[in-house]
>>> print(open('data-v4.txt').read())   # compact mmCIF, C-alpha atoms
# COMPACT_ATOMS: atom_id res chain seq x y z
CA MET A 30 134.36 99.51 42.51
CA LEU A 31 132.94 99.21 39.00
CA GLU A 32 129.44 100.49 38.34
CA GLY A 33 128.35 97.10 36.95
CA ASP A 34 129.35 95.31 40.17
CA LEU A 35 127.54 97.87 42.30
CA VAL A 36 124.41 97.47 40.18
CA LYS A 37 124.58 93.67 40.51
CA ARG A 38 124.88 93.90 44.28
CA ALA A 39 122.13 96.50 44.52
CA ARG A 40 119.83 94.26 42.47
CA LYS A 41 120.26 91.62 45.13
CA GLY A 42 119.11 94.14 47.74
CA ASP A 43 122.51 95.35 48.93
CA LEU A 44 121.75 98.85 50.19
CA ASP A 45 125.40 99.69 50.83
CA ALA A 46 126.09 99.19 47.14
CA TYR A 47 123.10 101.30 46.24
CA ASP A 48 124.24 104.00 48.65
CA GLU A 49 127.49 104.13 46.69
CA LEU A 50 125.57 104.47 43.40
CA VAL A 51 123.46 107.29 44.85
CA LYS A 52 126.61 109.12 45.96
CA ARG A 53 128.04 108.86 42.44
CA TYR A 54 125.07 110.44 40.70
CA GLN A 55 123.26 112.51 43.32
CA GLU A 56 124.75 115.84 42.26
CA ARG A 57 124.00 115.45 38.57
CA ILE A 58 120.49 114.13 39.13
CA TYR A 59 119.70 116.84 41.68
CA ALA A 60 121.10 119.57 39.40
CA THR A 61 119.02 118.43 36.43
CA VAL A 62 115.83 118.40 38.47
CA TYR A 63 116.69 121.69 40.15
CA HIS A 64 117.34 123.49 36.85
CA MET A 65 114.04 122.17 35.53
CA THR A 66 111.98 123.23 38.55
CA SER A 67 113.91 126.27 39.82
CA ASN A 68 112.94 125.11 43.27
CA HIS A 69 115.31 123.49 45.76
CA GLU A 70 112.66 121.73 47.87
CA ASP A 71 110.91 120.25 44.85
CA ALA A 72 114.23 119.17 43.40
CA ASN A 73 115.14 117.46 46.66
CA ASP A 74 111.87 115.50 46.74
CA ILE A 75 111.91 114.52 43.08
CA ALA A 76 115.58 113.51 43.09
CA GLN A 77 115.08 111.32 46.17
CA GLU A 78 111.96 109.75 44.68
CA ALA A 79 113.81 109.07 41.44
CA PHE A 80 116.54 107.18 43.32
CA ILE A 81 113.96 105.24 45.35
CA LYS A 82 112.01 104.31 42.24
CA ALA A 83 115.21 103.27 40.49
CA PHE A 84 116.04 100.92 43.37
CA GLN A 85 112.55 99.40 43.28
CA ALA A 86 112.76 98.95 39.51
CA LEU A 87 116.33 97.63 39.45
CA LYS A 88 115.07 94.13 38.67
CA SER A 89 113.62 95.43 35.42
CA PHE A 90 116.94 97.06 34.45
CA ARG A 91 118.20 94.89 31.60
CA GLY A 92 121.46 96.70 31.02
CA GLY A 93 120.53 97.80 27.49
CA SER A 94 121.82 101.24 28.38
CA SER A 95 124.16 102.35 31.14
CA PHE A 96 122.78 102.57 34.66
CA TYR A 97 123.48 106.29 34.55
CA THR A 98 121.32 106.82 31.42
CA TRP A 99 118.56 104.63 32.82
CA LEU A 100 118.59 106.52 36.11
CA TYR A 101 118.54 109.84 34.27
CA ARG A 102 115.51 108.69 32.29
CA ILE A 103 113.62 107.92 35.50
CA ALA A 104 114.51 111.33 36.94
CA VAL A 105 113.57 113.14 33.73
CA ASN A 106 110.18 111.39 33.52
CA LYS A 107 109.46 112.09 37.17
CA THR A 108 110.35 115.74 36.72
CA ILE A 109 108.21 116.18 33.62
CA ASN A 110 105.24 114.47 35.29
CA PHE A 111 105.66 116.69 38.32
CA LEU A 112 105.81 119.84 36.20
CA LYS A 113 102.71 118.83 34.24
CA GLN A 114 100.78 118.48 37.50
CA ARG A 115 102.13 121.77 38.79
CA ARG A 116 101.50 123.67 35.54
CA ASN A 117 101.14 127.44 35.99
CA LYS A 118 102.01 127.20 39.66
CA ASN A 119 105.69 128.10 39.53
CA HIS A 120 107.25 129.29 42.72
CA PHE A 121 110.95 129.86 42.81
CA SER A 122 113.20 128.70 45.58
CA LEU A 123 116.52 129.44 44.00
CA ASN A 124 119.82 128.26 45.31
CA ASP A 125 122.51 130.79 46.06
CA LEU A 126 125.22 131.47 43.54
CA ASP A 127 128.61 130.22 44.53
CA PHE A 128 131.58 132.49 45.14
CA ASN A 129 133.08 131.75 41.72
CA ALA A 130 130.14 133.27 39.85
CA GLU A 131 131.32 136.79 40.61
CA HIS A 132 134.71 135.98 39.18
CA ASP A 133 133.60 134.05 36.11
CA PRO A 134 135.15 136.11 33.28
CA ASP A 135 132.37 135.23 30.85
CA LEU A 136 129.67 136.41 33.22
CA VAL A 137 131.56 139.53 34.25
CA ALA A 138 132.08 140.43 30.61
CA LEU A 139 128.49 139.73 29.80
CA ILE A 140 127.19 142.01 32.50
CA SER A 141 129.56 144.87 31.83
CA ASP A 142 129.30 144.78 28.05
CA LYS A 143 125.80 143.78 27.22
CA THR A 144 123.39 144.86 29.87
CA PRO A 145 121.84 148.27 29.41
CA HIS A 146 121.51 148.63 33.18
CA ARG A 147 125.08 148.18 34.28
CA GLU A 148 124.18 148.10 37.91
CA ILE A 149 122.30 144.83 37.48
CA GLY A 150 123.52 142.25 39.88
CA LEU A 151 124.09 138.60 39.31
CA SER A 152 121.14 137.71 41.52
CA GLU A 153 118.76 139.69 39.35
CA LEU A 154 120.23 138.15 36.24
CA GLN A 155 119.79 134.72 37.83
CA LYS A 156 116.12 135.47 38.47
CA LYS A 157 115.55 136.71 34.91
CA LEU A 158 117.27 133.63 33.53
CA ASN A 159 115.15 131.27 35.59
CA GLU A 160 111.96 133.09 34.64
CA ALA A 161 112.89 132.80 30.98
CA LEU A 162 113.64 129.10 31.32
CA MET A 163 110.31 128.47 33.01
CA GLN A 164 108.53 129.89 29.99
CA LEU A 165 109.82 127.08 27.80
CA SER A 166 107.87 123.85 27.46
CA GLU A 167 109.23 120.96 29.55
CA PRO A 168 110.90 119.07 26.67
CA HIS A 169 112.56 122.24 25.36
CA ARG A 170 113.73 123.28 28.81
CA MET A 171 115.05 119.78 29.43
CA VAL A 172 117.18 119.86 26.28
CA VAL A 173 118.65 123.26 27.19
CA VAL A 174 119.37 122.14 30.75
CA LEU A 175 120.99 118.89 29.70
CA HIS A 176 123.04 120.40 26.87
CA ASP A 177 123.86 124.02 27.69
CA VAL A 178 123.90 123.79 31.47
CA GLN A 179 125.06 120.24 32.14
CA GLY A 180 127.12 119.70 29.03
CA GLN A 181 125.59 116.42 27.84
CA SER A 182 126.03 115.42 24.20
CA HIS A 183 123.17 115.27 21.71
CA GLU A 184 123.47 111.46 21.64
CA GLU A 185 123.21 111.15 25.42
CA ILE A 186 120.21 113.47 25.51
CA ALA A 187 118.51 111.49 22.73
CA GLU A 188 118.97 108.31 24.75
CA ILE A 189 117.78 109.89 27.99
CA MET A 190 114.74 111.50 26.41
CA ASP A 191 113.99 108.50 24.20
CA CYS A 192 113.92 110.46 20.94
CA ASN A 193 116.21 110.80 17.93
CA ILE A 194 119.15 113.17 17.62
CA GLY A 195 117.38 115.31 15.02
CA THR A 196 114.61 116.00 17.51
CA VAL A 197 117.18 116.98 20.14
CA ARG A 198 118.88 119.38 17.74
CA SER A 199 115.65 121.00 16.58
CA ARG A 200 114.38 121.35 20.15
CA LEU A 201 117.65 122.90 21.21
CA PHE A 202 117.59 125.40 18.36
CA TYR A 203 113.97 126.37 18.99
CA ALA A 204 114.53 126.64 22.76
CA ARG A 205 117.57 128.88 22.28
CA GLN A 206 115.64 131.12 19.93
CA GLN A 207 112.86 131.42 22.47
CA LEU A 208 115.29 132.15 25.29
CA GLN A 209 117.05 134.75 23.22
CA GLY A 210 113.73 136.47 22.71
CA TYR A 211 112.95 136.44 26.44
CA LEU A 212 116.43 137.60 27.37
CA ALA A 213 116.91 140.05 24.53
CA GLU A 214 118.42 142.66 26.84
CA TYR A 215 121.08 140.32 28.11
CA ALA A 216 121.82 137.98 25.23
CA LYS A 217 121.65 139.83 21.96
CA PRO A 218 122.73 138.08 18.77
CA ALA A 219 126.31 138.89 17.75
CA MET B 17 121.92 131.97 7.50
CA ASN B 18 124.37 129.08 7.73
CA GLU B 19 124.88 126.78 10.68
CA LYS B 20 127.98 128.60 11.93
CA GLN B 21 126.24 131.96 12.01
CA LYS B 22 123.33 130.39 13.87
CA GLN B 23 125.73 128.97 16.45
CA ASN B 24 127.47 132.33 16.85
CA ASN B 25 124.15 133.99 17.51
CA PHE B 26 123.75 131.88 20.61
CA GLU B 27 127.18 132.53 22.13
CA ASP B 28 125.91 135.23 24.51
CA LEU B 29 123.02 133.03 25.53
CA LYS B 30 125.35 130.12 26.25
CA GLN B 31 127.52 132.38 28.40
CA LEU B 32 124.44 133.54 30.23
CA LEU B 33 123.31 129.96 30.79
CA LYS B 34 126.67 129.27 32.46
CA LEU B 35 125.29 131.23 35.37
CA LYS B 36 123.04 128.27 36.16
CA ARG B 37 126.10 126.15 36.87
CA HIS B 38 126.94 128.45 39.76
CA GLU B 39 123.62 127.83 41.51
CA ILE B 40 124.47 125.42 44.29
CA PRO B 41 122.39 123.89 47.11
CA PRO B 42 123.10 124.79 50.76
CA PRO B 43 126.49 123.67 52.11
CA GLY B 44 126.52 120.07 53.31
CA TYR B 45 123.34 119.23 51.46
CA PHE B 46 124.81 116.22 49.67
CA ASN B 47 126.38 114.84 52.85
CA ASN B 48 123.02 113.48 53.96
CA PHE B 49 121.35 112.93 50.61
CA SER B 50 122.24 109.26 50.01
CA GLY B 51 121.57 108.46 53.67
CA GLN B 52 118.06 109.88 53.37
CA VAL B 53 117.41 107.89 50.20
CA VAL B 54 118.56 104.63 51.80
CA SER B 55 116.53 105.37 54.96
CA ARG B 56 113.40 105.93 52.89
CA ILE B 57 114.02 102.66 51.01
CA ARG B 58 114.44 100.82 54.32
CA ALA B 59 111.30 102.45 55.71
CA GLY B 60 109.39 101.45 52.58
CA GLU B 61 110.56 97.85 52.87
CA ALA B 62 109.70 97.76 56.56
CA GLY B 63 106.33 99.31 55.81
CA GLY B 64 105.36 96.18 53.90
CA ALA B 65 103.59 96.06 50.59
CA ARG B 66 103.56 99.09 48.37
CA THR B 67 100.34 100.74 47.35
CA PHE B 68 98.63 99.84 44.12
CA MET B 69 99.71 103.11 42.49
CA GLU B 70 103.33 102.61 43.53
CA ARG B 71 103.36 99.10 42.07
CA LEU B 72 101.67 100.35 38.91
CA GLU B 73 104.26 103.08 38.58
CA VAL B 74 107.05 100.53 38.61
CA GLU B 75 105.37 97.80 36.57
CA ALA B 76 103.30 99.81 34.08
CA PRO B 77 104.50 103.41 33.89
CA TRP B 78 102.48 103.93 30.68
CA ALA B 79 99.26 103.34 32.63
CA VAL B 80 100.27 105.89 35.24
CA SER B 81 101.09 108.41 32.52
CA PHE B 82 97.67 107.76 30.97
CA LEU B 83 95.91 108.32 34.30
CA ARG B 84 97.91 111.48 34.92
CA ILE B 85 96.51 112.99 31.75
CA PHE B 86 93.14 113.03 33.50
CA GLU B 87 94.65 114.62 36.60
CA THR B 88 96.39 117.42 34.78
CA ARG B 89 93.75 118.20 32.15
CA PRO B 90 90.23 118.16 33.55
CA GLY B 91 88.81 118.86 30.08
CA VAL B 92 90.09 115.49 28.93
CA ILE B 93 87.90 113.73 31.52
CA GLY B 94 84.79 115.36 30.04
CA ALA B 95 85.90 114.58 26.51
CA PHE B 96 86.60 110.97 27.42
CA ALA B 97 83.25 110.53 29.19
CA THR B 98 81.40 112.15 26.28
CA SER B 99 83.11 109.93 23.75
CA VAL B 100 82.27 106.81 25.80
CA CYS B 101 78.59 107.90 25.97
CA LEU B 102 78.51 108.62 22.23
CA LEU B 103 80.03 105.23 21.56
CA LEU B 104 77.36 103.48 23.67
CA VAL B 105 74.52 105.41 22.03
CA SER B 106 75.85 104.72 18.55
CA VAL B 107 76.17 101.00 19.34
CA VAL B 108 72.53 100.90 20.54
CA VAL B 109 71.27 102.84 17.50
CA PHE B 110 73.30 100.75 15.10
CA SER B 111 72.10 97.47 16.60
CA GLU B 112 68.44 98.59 16.37
CA ARG B 113 68.89 99.62 12.75
CA ALA B 114 70.58 96.34 11.92
CA ASP B 115 67.68 94.44 13.53
CA LYS B 116 65.07 96.38 11.53
CA ALA B 117 67.00 95.91 8.32
CA ALA B 118 67.22 92.17 8.88
CA LYS B 119 63.45 91.94 9.50
CA ALA B 120 62.71 94.01 6.41
CA GLN B 121 65.00 91.85 4.31
CA LEU B 122 63.29 88.69 5.59
CA ALA B 123 59.87 90.08 4.79
CA ILE B 124 60.96 91.06 1.27
CA SER B 125 62.48 87.67 0.60
CA GLU B 126 59.29 85.93 1.76
CA ALA B 127 57.14 88.15 -0.40
CA THR B 128 59.21 87.68 -3.52
CA ALA B 129 60.06 83.98 -3.19
CA PRO B 130 57.93 81.70 -5.55
CA VAL B 131 55.63 79.10 -4.02
CA GLY B 132 57.34 75.75 -3.69
CA SER B 133 60.75 77.21 -3.40
CA PRO B 134 62.80 76.24 -0.36
CA MET B 135 62.47 79.78 0.86
CA ALA B 136 58.70 79.72 0.70
CA SER B 137 58.48 76.41 2.48
CA MET B 138 60.36 77.81 5.43
CA THR B 139 58.07 78.66 8.25
CA SER B 140 58.50 82.12 9.56
CA PRO B 141 58.12 82.82 13.25
CA THR B 142 54.90 84.75 12.63
CA PHE B 143 53.45 81.84 10.73
CA VAL B 144 54.28 79.48 13.55
CA ALA B 145 52.72 81.84 16.03
CA ALA B 146 49.54 82.16 14.00
CA SER B 147 49.17 78.44 13.54
CA ASP B 148 49.69 77.66 17.18
CA SER B 149 46.51 76.00 18.35
CA THR B 150 46.96 77.05 21.96
CA GLY B 151 46.71 80.68 21.02
CA ILE B 152 50.00 81.52 22.69
CA VAL B 153 51.91 83.95 20.54
CA ALA B 154 55.54 83.04 20.23
CA SER B 155 58.04 84.82 18.05
CA THR B 156 60.17 81.73 17.72
CA ASN B 157 59.49 78.06 17.48
CA PRO B 158 58.63 76.77 20.93
CA VAL B 159 61.36 74.83 22.63
CA THR B 160 58.91 72.67 24.53
CA SER B 161 55.52 71.50 23.46
CA LEU B 162 52.70 73.71 24.67
CA GLN B 163 50.23 70.86 24.41
CA PRO B 164 48.81 70.15 27.85
CA VAL B 165 49.97 66.95 29.44
CA ALA B 166 47.45 65.40 31.71
CA THR B 167 49.81 63.70 34.12
CA LEU B 168 53.46 63.12 34.48
CA PHE B 169 53.09 59.47 33.44
CA GLY B 170 50.63 59.87 30.60
CA GLN B 171 46.85 59.84 30.39
CA PRO B 172 45.09 58.76 33.62
CA GLY B 173 43.93 55.23 33.51
CA SER B 174 46.09 54.37 30.56
CA SER B 175 48.53 52.45 32.68
CA SER B 176 47.72 49.36 34.64
CA LEU B 177 50.31 50.34 37.22
CA PHE B 178 48.09 53.06 38.57
CA GLN B 179 44.82 52.83 40.40
CA GLN B 180 42.68 55.70 41.39
CA ALA B 181 42.59 56.28 45.08
CA ASN B 182 39.33 55.56 46.65
CA PHE B 183 38.61 56.96 50.09
CA ALA B 184 35.11 55.53 50.44
CA PRO B 185 34.80 53.22 53.46
CA ALA B 186 35.11 49.59 52.53
CA SER B 187 31.90 47.60 52.85
CA HIS B 188 32.46 44.42 54.82
>>> encode(input="data-v4.txt", output="structure tokens")
Amino acid sequence: MLEGDLVKRARKGDLDAYDELVKRYQERIYATVYHMTSNHEDANDIAQEAFIKAFQALKSFRGGSSFYTWLYRIAVNKTINFLKQRRNKNHFSLNDLDFNAEHDPDLVALISDKTPHREIGLSELQKKLNEALMQLSEPHRMVVVLHDVQGQSHEEIAEIMDCNIGTVRSRLFYARQQLQGYLAEYAKPA
Amino acid sequence: MNEKQKQNNFEDLKQLLKLKRHEIPPPGYFNNFSGQVVSRIRAGEAGGARTFMERLEVEAPWAVSFLRIFETRPGVIGAFATSVCLLLVSVVVFSERADKAAKAQLAISEATAPVGSPMASMTSPTFVAASDSTGIVASTNPVTSLQPVATLFGQPGSSSLFQQANFAPASH
């Protein structure tokens, strides 16, 4: 069924239609929140609350953007508000790496070629990466997560974060520079 | 450094960030996710009206964001309270100064105005107060006459409709 039809039905209170919409976007919304918080339990709560709030606010959804972008915006705002309240109280609850990580040629090459301590495991690298990400400000981290982790375009990010493309580009550049500094041992400039 | 070189500098970092894509939630996590969301929506609807904050969050998210500034930055509360106090004090001080300036200007204009001019013929509140025969000092012209009124219907005995009561026993 088309997204527009599902949205129309959900606006009328059809929870089956909304259930279908949740299923379509749950993984992407959860992943965005998870990568921002580095905490599975927090990500679960925030992602669920974002979907609930979206359902409650569906009547105010005018269709100016796609439902997906609108939903993303709600999730992003909820996440940033949560992180502002939780400032300086980071506690990791990282998800496990999937089986494919060990066989990802890019990651294997990165570990064997670049790391000074060759015995470093992927789990340790994962922890270092998350620590580095958490040192970025929320808007900078969000841009990195949406672009470099989730593969969204600059235009989509600008729409989600309600800013212009130039801002997205400059934030991305600054965030990468910062990350490179934090992860100098693992991601040296070419 | 041109744009291409800048991009190349981040290649290792981008490869490293790919590791994040391999972080996955526990198996079966998404099987129940939408069900939980729908259950919570149903529970919320069954629970009746939403709280004020929940309604505000949906209808005026800017107001919630504004209130959250106070939650997250306690210093802002102090700054806000101080600025409100300063504003009140400055309003009081300014209004007092404006009052004094107006009185001073009135006094100057009375002193400098020539006799016979419309300005001089105006009666100031102090003049009215001084000329009041009852001796009651009023800063403004009295709204009602302060002259004593003997009775509600005029001077006693001035009306033929009234007779003074006489309780002396009638002589028959």
>>> interface_residues(input="data-v4.txt", of="chain B", to="chain A", cutoff="7 Å", atoms="only C-alpha atoms", output="ChimeraX atom specification")
/B:24-26,28-41,50,53-54,57,74,88
>>> atom_distance(input="data-v4.txt", atom1="atom CA of A:Gln207", atom2="atom CA of A:Leu165")
7.5 Å
>>> atom_distance(input="data-v4.txt", atom1="atom CA of A:Leu31", atom2="atom CA of A:Ile103")
21.5 Å
>>> closest_residue(input="data-v4.txt", among="A:Arg200, A:Arg170, A:His132, A:Arg91", to="A:Lys37", atoms="all atoms listed in the file")
A:Arg91
>>> atom_distance(input="data-v4.txt", atom1="atom CA of A:Gly92", atom2="atom CA of A:Asp191")
15.5 Å
